[in-house]
>>> print(open('input-v1.pdb').read())   # PDB, C-alpha atoms
ATOM      1  CA  MET A   4    -131.145 111.318   3.759
ATOM      2  CA  GLU A   5    -131.797 107.650   3.218
ATOM      3  CA  ILE A   6    -132.899 106.421  -0.164
ATOM      4  CA  GLY A   7    -132.744 102.955  -1.646
ATOM      5  CA  PHE A   8    -133.215 101.332  -5.028
ATOM      6  CA  TYR A   9    -134.016  97.821  -6.226
ATOM      7  CA  HIS A  10    -132.034  96.659  -9.239
ATOM      8  CA  GLY A  11    -133.957  93.596 -10.393
ATOM      9  CA  ALA A  12    -135.125  93.086 -13.962
ATOM     10  CA  LEU A  13    -138.775  93.139 -12.862
ATOM     11  CA  GLY A  14    -138.519  96.180 -10.596
ATOM     12  CA  ASP A  15    -139.899  99.636 -11.277
ATOM     13  CA  SER A  16    -137.750 102.145 -13.125
ATOM     14  CA  TYR A  17    -135.215 104.034 -11.051
ATOM     15  CA  GLU A  18    -137.176 107.262 -11.656
ATOM     16  CA  LYS A  19    -140.402 105.707 -10.329
ATOM     17  CA  GLN A  20    -138.547 104.359  -7.307
ATOM     18  CA  ALA A  21    -137.009 107.797  -6.690
ATOM     19  CA  ASN A  22    -140.409 109.507  -7.130
ATOM     20  CA  ASP A  23    -142.008 107.135  -4.625
ATOM     21  CA  GLN A  24    -139.403 108.347  -2.102
ATOM     22  CA  GLY A  25    -139.890 112.040  -2.901
ATOM     23  CA  PHE A  26    -136.931 112.434  -5.269
ATOM     24  CA  THR A  27    -136.225 112.667  -9.002
ATOM     25  CA  LEU A  28    -133.301 111.797 -11.253
ATOM     26  CA  GLY A  29    -134.169 114.729 -13.505
ATOM     27  CA  ASP A  30    -132.196 114.795 -16.738
ATOM     28  CA  LYS A  31    -130.321 111.606 -15.767
ATOM     29  CA  THR A  32    -133.449 109.436 -15.897
ATOM     30  CA  GLU A  33    -132.803 108.063 -19.388
ATOM     31  CA  LEU A  34    -129.141 107.377 -18.618
ATOM     32  CA  PHE A  35    -130.019 105.331 -15.531
ATOM     33  CA  ASP A  36    -132.730 103.449 -17.445
ATOM     34  CA  LYS A  37    -130.052 102.359 -19.924
ATOM     35  CA  ILE A  38    -127.555 101.500 -17.170
ATOM     36  CA  GLY A  39    -130.170  99.421 -15.338
ATOM     37  CA  TYR A  40    -131.157  97.602 -18.516
ATOM     38  CA  ALA A  41    -127.529  96.813 -19.373
ATOM     39  CA  TYR A  42    -126.770  95.626 -15.839
ATOM     40  CA  ASN A  43    -129.765  93.288 -15.768
ATOM     41  CA  LEU A  44    -129.104  91.961 -19.261
ATOM     42  CA  LEU A  45    -125.486  91.123 -18.435
ATOM     43  CA  ARG A  46    -126.427  89.612 -15.069
ATOM     44  CA  VAL A  47    -129.311  87.490 -16.363
ATOM     45  CA  ARG A  48    -127.301  86.214 -19.344
ATOM     46  CA  GLY A  49    -124.419  85.150 -17.090
ATOM     47  CA  TYR A  50    -121.807  87.647 -18.260
ATOM     48  CA  LEU A  51    -121.262  88.844 -14.687
ATOM     49  CA  THR A  52    -120.183  86.640 -11.832
ATOM     50  CA  ASP A  53    -122.009  87.135  -8.539
ATOM     51  CA  SER A  54    -119.137  89.205  -7.162
ATOM     52  CA  GLN A  55    -118.988  91.337 -10.317
ATOM     53  CA  ALA A  56    -122.756  91.865 -10.210
ATOM     54  CA  ASP A  57    -122.513  92.951  -6.561
ATOM     55  CA  MET A  58    -119.701  95.374  -7.386
ATOM     56  CA  VAL A  59    -121.624  96.900 -10.321
ATOM     57  CA  CYS A  60    -124.819  97.108  -8.265
ATOM     58  CA  LYS A  61    -123.012  99.009  -5.495
ATOM     59  CA  LYS A  62    -121.563 101.427  -8.053
ATOM     60  CA  ILE A  63    -124.977 102.028  -9.632
ATOM     61  CA  GLN A  64    -126.501 102.558  -6.172
ATOM     62  CA  LYS A  65    -123.785 105.065  -5.252
ATOM     63  CA  ASP A  66    -124.253 107.008  -8.501
ATOM     64  CA  LEU A  67    -128.052 106.975  -8.156
ATOM     65  CA  VAL A  68    -127.896 108.398  -4.642
ATOM     66  CA  LYS A  69    -125.457 111.109  -5.780
ATOM     67  CA  SER A  70    -127.745 112.027  -8.686
ATOM     68  CA  VAL A  71    -131.144 112.305  -6.993
ATOM     69  CA  LYS A  72    -132.719 115.649  -6.256
ATOM     70  CA  LYS A  73    -135.512 116.364  -3.829
ATOM     71  CA  MET A  74    -138.807 116.852  -5.644
ATOM     72  CA  LYS A  75    -140.372 120.254  -5.222
ATOM     73  CA  SER A  76    -143.584 120.132  -3.275
ATOM     74  CA  ALA A  77    -146.583 122.369  -3.832
ATOM     75  CA  GLU A  78    -145.498 124.308  -0.734
ATOM     76  CA  ASP A  79    -142.033 125.145  -2.148
TER      77      ASP A  79
END
>>> encode(input="input-v1.pdb", output="structure tokens")
Amino acid sequence: MEIGFYHGALGDSYEKQANDQGFTLGDKTELFDKIGYAYNLLRVRGYLTDSQADMVCKKIQKDLVKSVKKMKSAED
């Protein structure tokens, strides 16, 4: 399974990105919306160095991938 997410302030929500790839975050959608908002706010305002931002981004990506579930299709 290969799934990817964009973490920019102007990107789609993580749930929309997951849905576009055939997955859902389910009950963790709101949590990841808040995490993404906080990450982008801290990064844009300069509270994270580039290396810190990269480290946080990798952690968010790892947690997102662990949390996604395959969406049920009409055939399931």
>>> atom_distance(input="input-v1.pdb", atom1="atom CA of Ala41 of chain A", atom2="atom CA of Gln24 of chain A")
23.9 Å
>>> residues_around(input="input-v1.pdb", residues="Ser76 of chain A", least_positions_apart="5", cutoff="12 Å", atoms="all atoms listed in the file", output="PDB file with C-alpha atoms, in the frame of the given file")
ATOM      1  CA  ASN A  22    -140.409 109.507  -7.130  1.00  0.00           C
ATOM      2  CA  GLY A  25    -139.890 112.040  -2.901  1.00  0.00           C
ATOM      3  CA  PHE A  26    -136.931 112.434  -5.269  1.00  0.00           C
ATOM      4  CA  THR A  27    -136.225 112.667  -9.002  1.00  0.00           C
TER       5      THR A  27
END
>>> resolve_selection(input="input-v1.pdb", expression="the PyMOL selection byres ((chain A and resi 68) around 12)", output="JSON, numbers by chain")
{"A": [4, 5, 6, 7, 8, 17, 18, 20, 21, 24, 26, 27, 28, 31, 35, 61, 62, 63, 64, 65, 66, 67, 69, 70, 71, 72, 73]}
>>> write_last_selection(input="input-v1.pdb", atoms="C-alpha atoms", output="compact mmCIF listing (two decimals), in the frame of the given file")
# COMPACT_ATOMS: atom_id res chain seq x y z
CA MET A 4 -131.15 111.32 3.76
CA GLU A 5 -131.80 107.65 3.22
CA ILE A 6 -132.90 106.42 -0.16
CA GLY A 7 -132.74 102.96 -1.65
CA PHE A 8 -133.22 101.33 -5.03
CA TYR A 17 -135.22 104.03 -11.05
CA GLU A 18 -137.18 107.26 -11.66
CA GLN A 20 -138.55 104.36 -7.31
CA ALA A 21 -137.01 107.80 -6.69
CA GLN A 24 -139.40 108.35 -2.10
CA PHE A 26 -136.93 112.43 -5.27
CA THR A 27 -136.22 112.67 -9.00
CA LEU A 28 -133.30 111.80 -11.25
CA LYS A 31 -130.32 111.61 -15.77
CA PHE A 35 -130.02 105.33 -15.53
CA LYS A 61 -123.01 99.01 -5.50
CA LYS A 62 -121.56 101.43 -8.05
CA ILE A 63 -124.98 102.03 -9.63
CA GLN A 64 -126.50 102.56 -6.17
CA LYS A 65 -123.78 105.06 -5.25
CA ASP A 66 -124.25 107.01 -8.50
CA LEU A 67 -128.05 106.98 -8.16
CA LYS A 69 -125.46 111.11 -5.78
CA SER A 70 -127.74 112.03 -8.69
CA VAL A 71 -131.14 112.30 -6.99
CA LYS A 72 -132.72 115.65 -6.26
CA LYS A 73 -135.51 116.36 -3.83
>>> resolve_selection(input="input-v1.pdb", expression="the PyMOL selection byres ((chain A and resi 12) around 8)", output="PDB file with C-alpha atoms, in the frame of the given file")
ATOM      1  CA  HIS A  10    -132.034  96.659  -9.239  1.00  0.00           C
ATOM      2  CA  GLY A  11    -133.957  93.596 -10.393  1.00  0.00           C
ATOM      3  CA  LEU A  13    -138.775  93.139 -12.862  1.00  0.00           C
ATOM      4  CA  GLY A  14    -138.519  96.180 -10.596  1.00  0.00           C
ATOM      5  CA  TYR A  40    -131.157  97.602 -18.516  1.00  0.00           C
ATOM      6  CA  ASN A  43    -129.765  93.288 -15.768  1.00  0.00           C
TER       7      ASN A  43
END
>>> atom_distance(input="input-v1.pdb", atom1="atom CA of Asp30 of chain A", atom2="atom CA of Val59 of chain A")
21.8 Å
>>> closest_residue(input="input-v1.pdb", among="A:Val47, A:Leu34, A:Cys60, A:Met74", to="Tyr9 of chain A", atoms="only C-alpha atoms")
A:Cys60
>>> closest_residue(input="input-v1.pdb", among="A:Ser16, A:Arg48, A:Asp53, A:Asp23", to="Asp36 of chain A", atoms="all atoms listed in the file")
A:Ser16
>>> atom_distance(input="input-v1.pdb", atom1="atom CA of Lys19 of chain A", atom2="atom CA of Glu33 of chain A")
12.1 Å
>>> axis_aligned_box(input="input-v1.pdb", around="segment 55-59 of chain A", padding_each_side="8 Å", output="lines of an AutoDock Vina configuration file")
center_x = -120.9
center_y = 94.1
center_z = -8.4
size_x = 19.8
size_y = 21.6
size_z = 19.8
>>> decode(input="input-v1.pdb", residues="segment 61-73 of chain A", atoms="all heavy atoms", output="mmCIF file, in the first residue's frame")
data_model
loop_
_atom_site.group_PDB
_atom_site.id
_atom_site.type_symbol
_atom_site.label_atom_id
_atom_site.label_comp_id
_atom_site.auth_asym_id
_atom_site.auth_seq_id
_atom_site.Cartn_x
_atom_site.Cartn_y
_atom_site.Cartn_z
ATOM 1 N N LYS A 61 7.524 14.278 9.012
ATOM 2 C CA LYS A 61 7.724 12.826 8.896
ATOM 3 C C LYS A 61 6.914 12.077 9.937
ATOM 4 O O LYS A 61 6.340 11.024 9.650
ATOM 5 C CB LYS A 61 9.205 12.478 9.018
ATOM 6 C CG LYS A 61 10.008 12.865 7.803
ATOM 7 C CD LYS A 61 11.481 12.574 7.990
ATOM 8 C CE LYS A 61 12.267 13.107 6.802
ATOM 9 N NZ LYS A 61 13.709 12.965 6.977
ATOM 10 N N LYS A 62 6.831 12.606 11.146
ATOM 11 C CA LYS A 62 6.058 11.974 12.210
ATOM 12 C C LYS A 62 4.561 12.010 11.880
ATOM 13 O O LYS A 62 3.849 11.004 12.045
ATOM 14 C CB LYS A 62 6.326 12.693 13.542
ATOM 15 C CG LYS A 62 5.489 12.225 14.708
ATOM 16 C CD LYS A 62 5.838 10.826 15.131
ATOM 17 C CE LYS A 62 5.082 10.497 16.423
ATOM 18 N NZ LYS A 62 4.919 9.090 16.620
ATOM 19 N N ILE A 63 4.082 13.145 11.391
ATOM 20 C CA ILE A 63 2.677 13.246 11.002
ATOM 21 C C ILE A 63 2.387 12.252 9.880
ATOM 22 O O ILE A 63 1.388 11.518 9.924
ATOM 23 C CB ILE A 63 2.318 14.682 10.567
ATOM 24 C CG1 ILE A 63 2.419 15.648 11.744
ATOM 25 C CG2 ILE A 63 0.908 14.725 9.960
ATOM 26 C CD1 ILE A 63 2.320 17.119 11.349
ATOM 27 N N GLN A 64 3.259 12.201 8.885
ATOM 28 C CA GLN A 64 3.083 11.284 7.752
ATOM 29 C C GLN A 64 3.001 9.837 8.239
ATOM 30 O O GLN A 64 2.110 9.085 7.836
ATOM 31 C CB GLN A 64 4.242 11.446 6.762
ATOM 32 C CG GLN A 64 4.147 10.564 5.543
ATOM 33 C CD GLN A 64 3.119 11.028 4.538
ATOM 34 O OE1 GLN A 64 2.679 12.174 4.548
ATOM 35 N NE2 GLN A 64 2.708 10.140 3.668
ATOM 36 N N LYS A 65 3.903 9.464 9.129
ATOM 37 C CA LYS A 65 3.928 8.100 9.665
ATOM 38 C C LYS A 65 2.622 7.783 10.394
ATOM 39 O O LYS A 65 2.029 6.710 10.194
ATOM 40 C CB LYS A 65 5.117 7.949 10.619
ATOM 41 C CG LYS A 65 5.263 6.591 11.237
ATOM 42 C CD LYS A 65 6.476 6.561 12.163
ATOM 43 C CE LYS A 65 6.512 5.283 12.970
ATOM 44 N NZ LYS A 65 7.584 5.296 13.956
ATOM 45 N N ASP A 66 2.155 8.711 11.222
ATOM 46 C CA ASP A 66 0.917 8.495 11.973
ATOM 47 C C ASP A 66 -0.306 8.468 11.054
ATOM 48 O O ASP A 66 -1.246 7.702 11.281
ATOM 49 C CB ASP A 66 0.744 9.556 13.056
ATOM 50 C CG ASP A 66 1.712 9.370 14.218
ATOM 51 O OD1 ASP A 66 2.358 8.306 14.302
ATOM 52 O OD2 ASP A 66 1.822 10.296 15.041
ATOM 53 N N LEU A 67 -0.310 9.306 10.019
ATOM 54 C CA LEU A 67 -1.410 9.293 9.057
ATOM 55 C C LEU A 67 -1.511 7.932 8.368
ATOM 56 O O LEU A 67 -2.584 7.344 8.289
ATOM 57 C CB LEU A 67 -1.217 10.391 8.005
ATOM 58 C CG LEU A 67 -1.598 11.804 8.398
ATOM 59 C CD1 LEU A 67 -1.032 12.808 7.400
ATOM 60 C CD2 LEU A 67 -3.107 11.948 8.492
ATOM 61 N N VAL A 68 -0.382 7.445 7.891
ATOM 62 C CA VAL A 68 -0.367 6.169 7.174
ATOM 63 C C VAL A 68 -0.813 5.026 8.083
ATOM 64 O O VAL A 68 -1.545 4.132 7.659
ATOM 65 C CB VAL A 68 1.021 5.911 6.545
ATOM 66 C CG1 VAL A 68 1.126 4.503 5.991
ATOM 67 C CG2 VAL A 68 1.312 6.944 5.462
ATOM 68 N N LYS A 69 -0.414 5.077 9.366
ATOM 69 C CA LYS A 69 -0.838 4.043 10.312
ATOM 70 C C LYS A 69 -2.330 4.118 10.608
ATOM 71 O O LYS A 69 -2.944 3.116 10.967
ATOM 72 C CB LYS A 69 -0.070 4.162 11.634
ATOM 73 C CG LYS A 69 1.343 3.657 11.570
ATOM 74 C CD LYS A 69 2.069 3.574 12.896
ATOM 75 C CE LYS A 69 1.587 4.435 14.001
ATOM 76 N NZ LYS A 69 2.455 4.438 15.182
ATOM 77 N N SER A 70 -2.926 5.295 10.450
ATOM 78 C CA SER A 70 -4.310 5.518 10.859
ATOM 79 C C SER A 70 -5.338 5.326 9.750
ATOM 80 O O SER A 70 -6.528 5.215 10.039
ATOM 81 C CB SER A 70 -4.458 6.932 11.427
ATOM 82 O OG SER A 70 -3.660 7.072 12.579
ATOM 83 N N VAL A 71 -4.907 5.316 8.495
ATOM 84 C CA VAL A 71 -5.879 5.217 7.402
ATOM 85 C C VAL A 71 -6.491 3.826 7.333
ATOM 86 O O VAL A 71 -5.875 2.839 7.721
ATOM 87 C CB VAL A 71 -5.274 5.580 6.025
ATOM 88 C CG1 VAL A 71 -4.875 7.020 5.961
ATOM 89 C CG2 VAL A 71 -4.149 4.669 5.640
ATOM 90 N N LYS A 72 -7.720 3.820 6.844
ATOM 91 C CA LYS A 72 -8.438 2.563 6.616
ATOM 92 C C LYS A 72 -8.978 2.597 5.198
ATOM 93 O O LYS A 72 -9.398 3.647 4.708
ATOM 94 C CB LYS A 72 -9.586 2.420 7.609
ATOM 95 C CG LYS A 72 -9.133 2.317 9.044
ATOM 96 C CD LYS A 72 -10.327 2.237 9.973
ATOM 97 C CE LYS A 72 -9.852 2.115 11.401
ATOM 98 N NZ LYS A 72 -9.875 3.332 12.147
ATOM 99 N N LYS A 73 -8.953 1.461 4.550
ATOM 100 C CA LYS A 73 -9.487 1.353 3.205
ATOM 101 C C LYS A 73 -10.977 1.659 3.236
ATOM 102 O O LYS A 73 -11.704 1.178 4.115
ATOM 103 C CB LYS A 73 -9.253 -0.071 2.677
ATOM 104 C CG LYS A 73 -9.560 -0.246 1.235
ATOM 105 C CD LYS A 73 -8.414 0.248 0.403
ATOM 106 C CE LYS A 73 -8.624 -0.178 -1.052
ATOM 107 N NZ LYS A 73 -8.073 0.771 -1.958
#
